[in-house]
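A.B. asks: Data: entry_19.cif, mmCIF, C-alpha atoms.
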data_run
#
loop_
_atom_site.group_PDB
_atom_site.id
_atom_site.type_symbol
_atom_site.label_atom_id
_atom_site.label_comp_id
_atom_site.auth_asym_id
_atom_site.auth_seq_id
_atom_site.Cartn_x
_atom_site.Cartn_y
_atom_site.Cartn_z
ATOM 1 C CA MET A 1 12.425 -35.255 -70.937
ATOM 2 C CA SER A 2 15.465 -37.434 -71.054
ATOM 3 C CA VAL A 3 15.964 -40.686 -72.883
ATOM 4 C CA ARG A 4 18.333 -43.370 -71.728
ATOM 5 C CA LEU A 5 19.595 -46.595 -73.206
ATOM 6 C CA VAL A 6 18.697 -49.729 -71.291
ATOM 7 C CA ASP A 7 20.441 -53.071 -71.688
ATOM 8 C CA VAL A 8 17.341 -55.218 -71.997
ATOM 9 C CA THR A 9 19.270 -58.429 -71.396
ATOM 10 C CA SER A 10 19.499 -57.400 -67.732
ATOM 11 C CA LEU A 11 15.751 -56.779 -67.406
ATOM 12 C CA ASP A 12 12.876 -59.200 -67.217
ATOM 13 C CA ALA A 13 12.113 -59.868 -70.907
ATOM 14 C CA SER A 14 8.352 -59.610 -70.551
ATOM 15 C CA ARG A 15 8.603 -56.249 -68.780
ATOM 16 C CA ALA A 16 11.363 -54.790 -70.953
ATOM 17 C CA MET A 17 10.231 -55.795 -74.410
ATOM 18 C CA GLY A 18 6.453 -55.662 -74.205
ATOM 19 C CA SER A 19 4.931 -55.581 -77.658
ATOM 20 C CA ARG A 20 6.985 -54.933 -80.792
ATOM 21 C CA SER A 21 5.385 -51.495 -81.166
ATOM 22 C CA ARG A 22 6.380 -50.504 -77.645
ATOM 23 C CA ARG A 23 9.922 -51.782 -78.128
ATOM 24 C CA HIS A 24 10.363 -49.495 -81.145
ATOM 25 C CA GLY A 25 8.880 -46.411 -79.512
ATOM 26 C CA ALA A 26 5.556 -46.461 -81.317
ATOM 27 C CA LEU A 27 3.611 -45.598 -78.185
ATOM 28 C CA PRO A 28 3.202 -41.877 -77.661
ATOM 29 C CA VAL A 29 5.628 -40.557 -75.106
ATOM 30 C CA GLY A 30 2.561 -38.973 -73.518
ATOM 31 C CA SER A 31 1.633 -42.374 -72.153
ATOM 32 C CA ALA A 32 4.688 -42.218 -69.878
ATOM 33 C CA GLY A 33 3.616 -39.100 -68.005
ATOM 34 C CA ALA A 34 1.895 -35.734 -68.109
ATOM 35 C CA GLY A 35 3.019 -33.294 -70.776
ATOM 36 C CA MET A 36 4.926 -35.836 -72.859
ATOM 37 C CA THR A 37 3.483 -36.082 -76.341
ATOM 38 C CA ARG A 38 6.341 -37.007 -78.686
ATOM 39 C CA THR A 39 7.357 -40.532 -79.574
ATOM 40 C CA ILE A 40 10.841 -41.793 -78.870
ATOM 41 C CA ARG A 41 11.049 -42.390 -82.619
ATOM 42 C CA ASP A 42 10.475 -38.685 -83.292
ATOM 43 C CA ILE A 43 12.919 -37.551 -80.582
ATOM 44 C CA LEU A 44 15.617 -39.915 -81.862
ATOM 45 C CA ALA A 45 15.054 -38.804 -85.463
ATOM 46 C CA GLU A 46 15.396 -35.140 -84.513
ATOM 47 C CA GLY A 47 18.573 -35.936 -82.585
ATOM 48 C CA MET A 48 20.024 -37.885 -85.508
ATOM 49 C CA ARG A 49 19.357 -34.983 -87.885
ATOM 50 C CA ARG A 50 20.862 -32.466 -85.482
ATOM 51 C CA GLU A 51 23.938 -34.636 -84.859
ATOM 52 C CA ARG A 52 24.526 -35.015 -88.582
ATOM 53 C CA LEU A 53 23.737 -31.490 -89.788
ATOM 54 C CA GLY A 54 23.841 -29.297 -86.678
ATOM 55 C CA LEU A 55 21.066 -26.959 -85.627
ATOM 56 C CA ILE A 56 19.810 -25.924 -89.051
ATOM 57 C CA ARG A 57 16.740 -24.377 -90.585
ATOM 58 C CA PRO A 58 14.075 -25.359 -91.019
ATOM 59 C CA LEU A 59 13.965 -26.428 -87.375
ATOM 60 C CA TRP A 60 12.478 -29.872 -86.775
ATOM 61 C CA HIS A 61 9.022 -28.599 -85.805
ATOM 62 C CA ASP A 62 8.955 -26.264 -88.844
ATOM 63 C CA TRP A 63 10.127 -28.905 -91.324
ATOM 64 C CA ASP A 64 7.644 -30.582 -93.677
ATOM 65 C CA GLU A 65 6.221 -33.955 -92.666
ATOM 66 C CA ASP A 66 7.789 -35.831 -95.616
ATOM 67 C CA GLY A 67 11.281 -34.670 -94.640
ATOM 68 C CA ARG A 68 10.755 -35.608 -90.986
ATOM 69 C CA GLU A 69 9.331 -39.015 -91.917
ATOM 70 C CA GLU A 70 12.427 -39.865 -93.964
ATOM 71 C CA VAL A 71 14.619 -39.267 -90.900
ATOM 72 C CA ARG A 72 12.140 -41.146 -88.676
ATOM 73 C CA ARG A 73 12.590 -44.206 -90.915
ATOM 74 C CA ARG A 74 16.350 -43.981 -90.293
ATOM 75 C CA ALA A 75 15.592 -43.766 -86.560
ATOM 76 C CA ASP A 76 13.420 -46.892 -86.855
ATOM 77 C CA HIS A 77 16.369 -48.687 -88.424
ATOM 78 C CA LEU A 78 18.716 -47.595 -85.626
ATOM 79 C CA MET A 79 16.177 -48.712 -82.990
ATOM 80 C CA ARG A 80 15.954 -52.148 -84.680
ATOM 81 C CA ILE A 81 19.756 -52.438 -84.670
ATOM 82 C CA LEU A 82 19.863 -51.474 -80.979
ATOM 83 C CA SER A 83 17.036 -53.901 -80.176
ATOM 84 C CA ASP A 84 18.871 -56.733 -81.899
ATOM 85 C CA ALA A 85 21.864 -55.913 -79.678
ATOM 86 C CA GLY A 86 19.656 -56.073 -76.576
ATOM 87 C CA VAL A 87 19.410 -52.316 -76.071
ATOM 88 C CA GLN A 88 16.186 -50.340 -75.741
ATOM 89 C CA LEU A 89 15.492 -46.603 -75.579
ATOM 90 C CA VAL A 90 13.413 -45.627 -72.553
ATOM 91 C CA GLN A 91 12.062 -42.176 -71.813
ATOM 92 C CA THR A 92 12.862 -41.050 -68.294
ATOM 93 C CA GLY A 93 11.427 -37.553 -67.914
ATOM 94 C CA GLU A 94 10.854 -34.078 -69.334
ATOM 95 C CA PRO A 95 13.274 -32.463 -71.824
ATOM 96 C CA ALA A 96 16.033 -30.309 -70.439
ATOM 97 C CA PRO A 97 16.209 -26.855 -72.019
ATOM 98 C CA ALA A 98 19.111 -26.427 -74.421
ATOM 99 C CA ALA A 99 22.016 -24.641 -72.815
ATOM 100 C CA THR A 100 22.968 -21.320 -74.343
ATOM 101 C CA PRO A 101 26.105 -19.308 -73.647
ATOM 102 C CA THR A 102 25.617 -16.889 -70.768
ATOM 103 C CA GLY A 103 28.528 -14.503 -71.427
ATOM 104 C CA PRO A 104 29.301 -12.386 -74.470
ATOM 105 C CA THR A 105 32.029 -14.747 -75.753
ATOM 106 C CA ILE A 106 30.658 -17.801 -77.549
ATOM 107 C CA VAL A 107 33.980 -19.370 -78.507
ATOM 108 C CA ALA A 108 37.649 -18.367 -78.535
ATOM 109 C CA ASN A 109 40.446 -19.847 -80.641
ATOM 110 C CA GLN A 110 44.145 -19.109 -80.763
ATOM 111 C CA VAL A 111 45.126 -17.488 -84.065
ATOM 112 C CA TYR A 112 47.439 -19.707 -86.111
ATOM 113 C CA GLY A 113 51.017 -18.460 -86.029
ATOM 114 C CA ALA A 114 50.212 -15.833 -83.371
ATOM 115 C CA PRO A 115 50.417 -17.483 -79.926
ATOM 116 C CA ASP A 116 49.608 -14.194 -78.173
ATOM 117 C CA THR A 117 46.390 -13.551 -80.156
ATOM 118 C CA MET A 118 42.946 -15.063 -79.686
ATOM 119 C CA ARG A 119 39.995 -14.752 -82.045
ATOM 120 C CA GLU A 120 36.609 -14.688 -80.325
ATOM 121 C CA ILE A 121 33.040 -14.842 -81.545
ATOM 122 C CA ARG A 122 30.940 -12.573 -79.353
ATOM 123 C CA VAL A 123 27.296 -11.749 -78.915
ATOM 124 C CA GLU A 124 26.483 -8.115 -79.661
ATOM 125 C CA GLU A 125 23.326 -6.084 -79.128
ATOM 126 C CA ARG A 126 22.269 -6.559 -82.758
ATOM 127 C CA GLY A 127 24.038 -9.715 -83.906
ATOM 128 C CA PHE A 128 27.523 -11.129 -83.509
ATOM 129 C CA SER A 129 31.117 -9.983 -83.900
ATOM 130 C CA ILE A 130 34.478 -11.550 -84.610
ATOM 131 C CA VAL A 131 37.073 -9.988 -82.332
ATOM 132 C CA ALA A 132 40.866 -10.362 -82.242
ATOM 133 C CA VAL A 133 42.279 -10.143 -78.707
ATOM 134 C CA LYS A 134 46.005 -9.509 -78.247
ATOM 135 C CA GLY A 135 46.891 -8.916 -74.624
ATOM 136 C CA ALA A 136 44.480 -6.270 -73.373
ATOM 137 C CA GLU A 137 43.864 -4.865 -76.869
ATOM 138 C CA THR A 138 40.725 -5.942 -78.734
ATOM 139 C CA THR A 139 39.998 -5.289 -82.385
ATOM 140 C CA VAL A 140 36.555 -5.921 -83.868
ATOM 141 C CA GLU A 141 37.246 -7.552 -87.230
ATOM 142 C CA GLN A 142 33.609 -7.650 -88.325
ATOM 143 C CA THR A 143 30.050 -7.513 -87.029
ATOM 144 C CA PHE A 144 27.195 -9.365 -88.711
ATOM 145 C CA THR A 145 23.740 -10.808 -88.181
ATOM 146 C CA LEU A 146 22.728 -14.371 -88.980
ATOM 147 C CA ASN A 147 20.564 -13.016 -91.796
ATOM 148 C CA ASP A 148 23.668 -11.369 -93.292
ATOM 149 C CA ALA A 149 25.537 -14.664 -93.057
ATOM 150 C CA MET A 150 22.693 -16.642 -94.670
ATOM 151 C CA VAL A 151 22.475 -14.200 -97.590
ATOM 152 C CA ASN A 152 26.252 -14.380 -98.031
ATOM 153 C CA ALA A 153 26.202 -18.194 -97.866
ATOM 154 C CA GLY A 154 23.586 -18.142 -100.623
ATOM 155 C CA LEU A 155 25.889 -16.004 -102.759
ATOM 156 C CA VAL A 156 28.676 -18.543 -102.301
ATOM 157 C CA LEU A 157 26.437 -21.518 -103.104
ATOM 158 C CA ALA A 158 25.075 -19.779 -106.196
ATOM 159 C CA GLY A 159 28.591 -19.010 -107.414
ATOM 160 C CA ASP A 160 27.811 -15.288 -107.461
ATOM 161 C CA PRO A 161 31.023 -13.302 -108.135
ATOM 162 C CA ALA A 162 29.862 -10.731 -105.561
ATOM 163 C CA ALA A 163 30.793 -13.238 -102.828
ATOM 164 C CA LYS A 164 34.479 -12.765 -103.693
ATOM 165 C CA SER A 165 34.281 -9.083 -102.780
ATOM 166 C CA ILE A 166 33.027 -9.679 -99.220
ATOM 167 C CA LYS A 167 35.948 -9.143 -96.852
ATOM 168 C CA ASP A 168 36.694 -12.107 -94.560
ATOM 169 C CA LEU A 169 33.638 -14.035 -95.725
ATOM 170 C CA GLY A 170 35.262 -17.313 -94.722
ATOM 171 C CA LYS A 171 35.607 -16.095 -91.123
ATOM 172 C CA GLN A 172 31.977 -14.982 -91.110
ATOM 173 C CA LEU A 173 30.680 -18.326 -92.368
ATOM 174 C CA ALA A 174 32.956 -20.265 -89.993
ATOM 175 C CA ALA A 175 31.718 -18.110 -87.103
ATOM 176 C CA THR A 176 28.123 -18.793 -88.155
ATOM 177 C CA ALA A 177 28.772 -22.538 -88.096
ATOM 178 C CA GLU A 178 30.182 -22.225 -84.564
ATOM 179 C CA ILE A 179 27.222 -20.107 -83.442
ATOM 180 C CA TYR A 180 24.787 -22.815 -84.569
ATOM 181 C CA ARG A 181 26.982 -25.676 -83.324
ATOM 182 C CA LEU A 182 27.128 -24.170 -79.842
ATOM 183 C CA ASN A 183 23.392 -23.380 -79.767
ATOM 184 C CA ALA A 184 23.989 -19.620 -79.542
ATOM 185 C CA ALA A 185 21.833 -18.496 -82.470
ATOM 186 C CA GLY A 186 19.193 -17.120 -80.110
ATOM 187 C CA SER A 187 21.754 -15.047 -78.202
ATOM 188 C CA GLY A 188 22.305 -12.358 -80.835
ATOM 189 C CA GLY A 189 20.075 -9.325 -80.405
ATOM 190 C CA GLY A 190 19.022 -9.342 -84.040
ATOM 191 C CA LYS A 191 18.399 -11.955 -86.661
#
Would you give me this structure, written as structure tokens?
C.D. replies:
Amino acid sequence: MSVRLVDVTSLDASRAMGSRSRRHGALPVGSAGAGMTRTIRDILAEGMRRERLGLIRPLWHDWDEDGREEVRRRADHLMRILSDAGVQLVQTGEPAPAATPTGPTIVANQVYGAPDTMREIRVEERGFSIVAVKGAETTVEQTFTLNDAMVNAGLVLAGDPAAKSIKDLGKQLAATAEIYRLNAAGSGGGK
């Protein structure tokens, strides 16, 4: 399903605004067509969380109701602000599937101070790798799974001295952030 913003000042007020509950997305999205069961409020809240934090765990549908409701209240506030400005959210169809990278390279960046070298994050059979590419020569700097990265991130957050002994941990955690940011977490062959 897609959601679009509508400038309600250009629409007939009785048709556009309806009741207060409709204006703020309180009607189930399912009332707009077959297969639609989420409210605009819920969709907007999930989008706000993802925009702010990225695609993180727990995923929206796995998250506890109290956590989701807190973000939904923020979405309510944003919808009120938009409504006051004459803008309304309107659902226009079914959700589009999230795009995932189709090739092995998720992202490539030029290495600082080395204009002839690129660093790529690639999908591997059982996880991901960070690869340096200089001309036609490629060097795998490290291979890891997302589980490895999450355990290592926990070490860093806990202040565990063992984190200091992990070679290129910063690259691994930066690569993990890019993997989630670009919606490629499901591409790696292992968790």
A.B. asks: Quote the spacing between atom CA of Ile130 of chain A and atom CA of Leu169 of chain A in Å to one decimal place.
C.D. replies: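 Atom CA of Leu169 of chain A lies at a distance of 11.4 Å from atom CA of Ile130 of chain A.
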A.B. asks: Looking at only C-alpha atoms, which of A:Ala163, A:Gly86, A:Leu157, A:Lys171 is the one that sits closest to Thr143 of chain A?
C.D. replies: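 Once distances to Thr143 of chain A are computed over only C-alpha atoms, the minimum belongs to A:Lys171.
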A.B. asks: Would you work out the distance separating atom CA of Arg74 of chain A from atom CA of Ala45 of chain A, expressed in Å to one decimal?
C.D. replies: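 Result for atom CA of Arg74 of chain A versus atom CA of Ala45 of chain A: 7.2 Å, one decimal.
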A.B. asks: Return as AutoDock Vina command-line options the box centre and box size in Å, one decimal, for an axis-aligned box around all listed atoms of segment 138-148 of chain A padded by 6 Å per side.
C.D. replies:
--center_x 30.6 --center_y -9.8 --center_z -86.0 --size_x 32.2 --size_y 21.1 --size_z 26.6
A.B. asks: Can you list what the PyMOL selection byres ((chain A and resi 181) around 10) grabs from this structure, as a list in words?
C.D. replies: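 Applying the expression gives Arg50, Glu51, Leu53, Gly54, Leu55, Ile56, Ala175, Thr176, Ala177, Glu178, Ile179, Tyr180, Leu182, Asn183, Ala184 and Ala185 of chain A.
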A.B. asks: Where does the PyMOL selection byres ((chain A and resi 105) around 12) land in this file, that is, which residues does it pick, as a list of chain:residue names?
C.D. replies: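 Residues picked by the PyMOL selection byres ((chain A and resi 105) around 12): A:Thr100, A:Pro101, A:Thr102, A:Gly103, A:Pro104, A:Ile106, A:Val107, A:Ala108, A:Asn109, A:Met118, A:Arg119, A:Glu120, A:Ile121, A:Arg122, A:Val123, A:Glu124, A:Phe128, A:Ser129, A:Ile130, A:Val131, A:Ala132, A:Val133, A:Ala175, A:Glu178, A:Ile179, A:Leu182, A:Ala184, A:Ser187, A:Gly188.
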A.B. asks: Mind telling me what the PyMOL selection byres ((chain A and resi 46) around 9) catches here, as number ranges by chain?
C.D. replies: A: 41-45, 47-51, 60, 68, 71-72, 75
A.B. asks: Within 12 Å of Lys167 of chain A, counting only C-alpha atoms, which residues show up once you throw out same-chain ones fewer than 6 positions away? Write them as a ChimeraX atom specification, please.
C.D. replies: /A:141-144,152,173
A.B. asks: Using Å and a single decimal, report how far atom CA of Pro161 of chain A sits from atom CA of Val111 of chain A.
C.D. replies: 28.2 Å
A.B. asks: Using all atoms listed in the file, find the one residue out of A:Gly154, A:Arg52, A:Ala149, A:Val90 that sits nearest to Asp168 of chain A.
C.D. replies: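 For Asp168 of chain A, the nearest of the candidates is A:Ala149.
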A.B. asks: Given the choices A:Tyr112, A:Leu82, A:Arg57, A:Ile166, which gets closest to Leu146 of chain A if the distance is worked out from only C-alpha atoms?
C.D. replies: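 Result for the nearest residue to Leu146 of chain A: A:Arg57.
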A.B. asks: Calculated over all atoms listed in the file, which of the candidates A:Gly159, A:Gly135, A:Gly170, A:Gly127 has the smallest distance to Gly186 of chain A?
C.D. replies: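 Of A:Gly159, A:Gly135, A:Gly170, A:Gly127, the one nearest Gly186 of chain A is A:Gly127, counting all atoms listed in the file.
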A.B. asks: Could you check the closest approach to Ala153 of chain A for each of A:Thr39, A:Gln172, A:Ser165, A:Thr139 and tell me which residue wins, using all atoms listed in the file?
C.D. replies: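 Using all atoms listed in the file, Ala153 of chain A sits closest to A:Gln172.
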A.B. asks: From the list A:Asp116, A:Arg38, A:Trp63, A:Glu137, which residue is nearest Pro95 of chain A when using only C-alpha atoms?
C.D. replies: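 For Pro95 of chain A, the nearest of the given residues is A:Arg38.
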A.B. asks: Just add N, CA, C and O atoms to segment 173-186 of chain A and send it as a PDB file, in the frame of the given file.
C.D. replies:
ATOM      1  N   LEU A 173      31.407 -17.074 -92.227  1.00  0.00           N
ATOM      2  CA  LEU A 173      30.680 -18.326 -92.368  1.00  0.00           C
ATOM      3  C   LEU A 173      31.153 -19.360 -91.343  1.00  0.00           C
ATOM      4  O   LEU A 173      30.345 -20.119 -90.809  1.00  0.00           O
ATOM      5  N   ALA A 174      32.451 -19.369 -91.035  1.00  0.00           N
ATOM      6  CA  ALA A 174      32.956 -20.265 -89.993  1.00  0.00           C
ATOM      7  C   ALA A 174      32.382 -19.876 -88.630  1.00  0.00           C
ATOM      8  O   ALA A 174      31.991 -20.740 -87.843  1.00  0.00           O
ATOM      9  N   ALA A 175      32.300 -18.582 -88.365  1.00  0.00           N
ATOM     10  CA  ALA A 175      31.718 -18.110 -87.103  1.00  0.00           C
ATOM     11  C   ALA A 175      30.246 -18.504 -87.018  1.00  0.00           C
ATOM     12  O   ALA A 175      29.762 -18.924 -85.961  1.00  0.00           O
ATOM     13  N   THR A 176      29.537 -18.415 -88.126  1.00  0.00           N
ATOM     14  CA  THR A 176      28.123 -18.793 -88.155  1.00  0.00           C
ATOM     15  C   THR A 176      27.959 -20.275 -87.839  1.00  0.00           C
ATOM     16  O   THR A 176      27.068 -20.661 -87.074  1.00  0.00           O
ATOM     17  N   ALA A 177      28.829 -21.100 -88.394  1.00  0.00           N
ATOM     18  CA  ALA A 177      28.772 -22.538 -88.096  1.00  0.00           C
ATOM     19  C   ALA A 177      28.984 -22.781 -86.607  1.00  0.00           C
ATOM     20  O   ALA A 177      28.276 -23.588 -85.992  1.00  0.00           O
ATOM     21  N   GLU A 178      29.928 -22.074 -85.997  1.00  0.00           N
ATOM     22  CA  GLU A 178      30.182 -22.225 -84.564  1.00  0.00           C
ATOM     23  C   GLU A 178      28.996 -21.732 -83.741  1.00  0.00           C
ATOM     24  O   GLU A 178      28.644 -22.325 -82.729  1.00  0.00           O
ATOM     25  N   ILE A 179      28.386 -20.646 -84.155  1.00  0.00           N
ATOM     26  CA  ILE A 179      27.222 -20.107 -83.442  1.00  0.00           C
ATOM     27  C   ILE A 179      26.106 -21.150 -83.405  1.00  0.00           C
ATOM     28  O   ILE A 179      25.513 -21.413 -82.360  1.00  0.00           O
ATOM     29  N   TYR A 180      25.824 -21.780 -84.537  1.00  0.00           N
ATOM     30  CA  TYR A 180      24.787 -22.815 -84.569  1.00  0.00           C
ATOM     31  C   TYR A 180      25.228 -24.067 -83.819  1.00  0.00           C
ATOM     32  O   TYR A 180      24.454 -24.668 -83.079  1.00  0.00           O
ATOM     33  N   ARG A 181      26.485 -24.462 -83.985  1.00  0.00           N
ATOM     34  CA  ARG A 181      26.982 -25.676 -83.324  1.00  0.00           C
ATOM     35  C   ARG A 181      26.886 -25.565 -81.812  1.00  0.00           C
ATOM     36  O   ARG A 181      26.561 -26.523 -81.121  1.00  0.00           O
ATOM     37  N   LEU A 182      27.135 -24.380 -81.289  1.00  0.00           N
ATOM     38  CA  LEU A 182      27.128 -24.170 -79.842  1.00  0.00           C
ATOM     39  C   LEU A 182      25.787 -23.656 -79.331  1.00  0.00           C
ATOM     40  O   LEU A 182      25.688 -23.184 -78.204  1.00  0.00           O
ATOM     41  N   ASN A 183      24.756 -23.732 -80.156  1.00  0.00           N
ATOM     42  CA  ASN A 183      23.392 -23.380 -79.767  1.00  0.00           C
ATOM     43  C   ASN A 183      23.278 -21.928 -79.289  1.00  0.00           C
ATOM     44  O   ASN A 183      22.585 -21.629 -78.329  1.00  0.00           O
ATOM     45  N   ALA A 184      23.989 -21.029 -79.945  1.00  0.00           N
ATOM     46  CA  ALA A 184      23.989 -19.620 -79.542  1.00  0.00           C
ATOM     47  C   ALA A 184      23.231 -18.729 -80.504  1.00  0.00           C
ATOM     48  O   ALA A 184      23.256 -17.510 -80.359  1.00  0.00           O
ATOM     49  N   ALA A 185      22.520 -19.309 -81.465  1.00  0.00           N
ATOM     50  CA  ALA A 185      21.833 -18.496 -82.470  1.00  0.00           C
ATOM     51  C   ALA A 185      20.808 -17.564 -81.850  1.00  0.00           C
ATOM     52  O   ALA A 185      20.591 -16.467 -82.346  1.00  0.00           O
ATOM     53  N   GLY A 186      20.183 -17.964 -80.754  1.00  0.00           N
ATOM     54  CA  GLY A 186      19.193 -17.120 -80.110  1.00  0.00           C
ATOM     55  C   GLY A 186      19.790 -16.031 -79.242  1.00  0.00           C
ATOM     56  O   GLY A 186      19.077 -15.170 -78.733  1.00  0.00           O
TER      57      GLY A 186
END
